[in-house]
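This report concerns only the one structure given below.
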Amino acid sequence: MKNLRITVNGTAYDVQVEELGETAAPAAAAPAPKAAPAAKPSAPAGAVGNISVKAPMPGTVVNVVVTPGQAVKAGEDLVFIEAMKMETPVKSPQDATVATIEVSKGEAVDSGKVLVTLN
């Protein structure tokens with residue numbers, strides 16, 4: 001068993017994952033219901049969007065101001081990143097709908113990390 005922390009839409013879930021061997025059928029039946037509730041909240045918001053909004057610099061996410069399914073206008077703030085004690089807003093490049101949020105508050109990100117996907 002492996003213990004993992006998975007973040008879905010800004011909510012962290014601690015889960016245990018079992019590596020399956022030759023007896024896949026009995027073991028797969030038990031973990032599937034546990035994994036489904038954690039994964040389903042992102043499904044109504046839509047699949048991964050076709051527009052990826054990436055971190056312009058390395059830093060720490062200090063605020064996520066949008067939610068999946070939310071309509072945003074070009075130039076609207078999506079996420080704030082702190083680098084060198086300065087907060088920088090990451091803005092929507094165009095009018096769109098938020099598909100997924102790939103980061104959570106307090107997470108360290110590298111330059112180029114996908115923060116949000118849009119449709």
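For the structure tokens, the naming scheme is as follows: chains receive sequential letters (A, B, ...) according to their order of presentation, residues are indexed from 1 within each chain, and ligands are indexed from 1 in presentation order.
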
*Could you name the residues that touch range 62-79 of chain A at 7 Å or less, counting only C-alpha atoms, but leaving out those on the same chain fewer than 4 positions away, as a PyMOL selection string?*
chain A and resi 45+89-101+104-106

*Pick the closest to Ile51 in chain A from A:Asn3, A:Phe80, A:Leu20, A:Leu115: which is it, counting only C-alpha atoms?*
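For Ile51 in chain A, the nearest of the candidates is A:Leu115.
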
_Contacts of Val114 in chain A at 10 Å (only C-alpha atoms; same-chain gap of 4+ positions) as an NGL selection string_ = :A and (51-56 or 101-103 or 109-110)

*Å distance separating CA of Glu107 in chain A from CA of Ile81 in chain A, one decimal place*: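 Going from CA of Glu107 in chain A over to CA of Ile81 in chain A, I get 9.5 Å.
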
*asked:* Please compute the CA of Gln16 in chain A-CA of Gly59 in chain A distance, one decimal, in Å.
replied: 29.3 Å

*Neighbours of Val15 in chain A within 8 Å (only C-alpha atoms; same-chain residues fewer than 6 positions away dropped), as a list in words?*
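That gives Asn3, Leu4, Arg5 and Ile6 of chain A.
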
*What separation in Å, quoted to one decimal, exists between CA of Ser111 in chain A and CA of Lys2 in chain A?*
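For CA of Ser111 in chain A relative to CA of Lys2 in chain A, the distance reads 29.1 Å.
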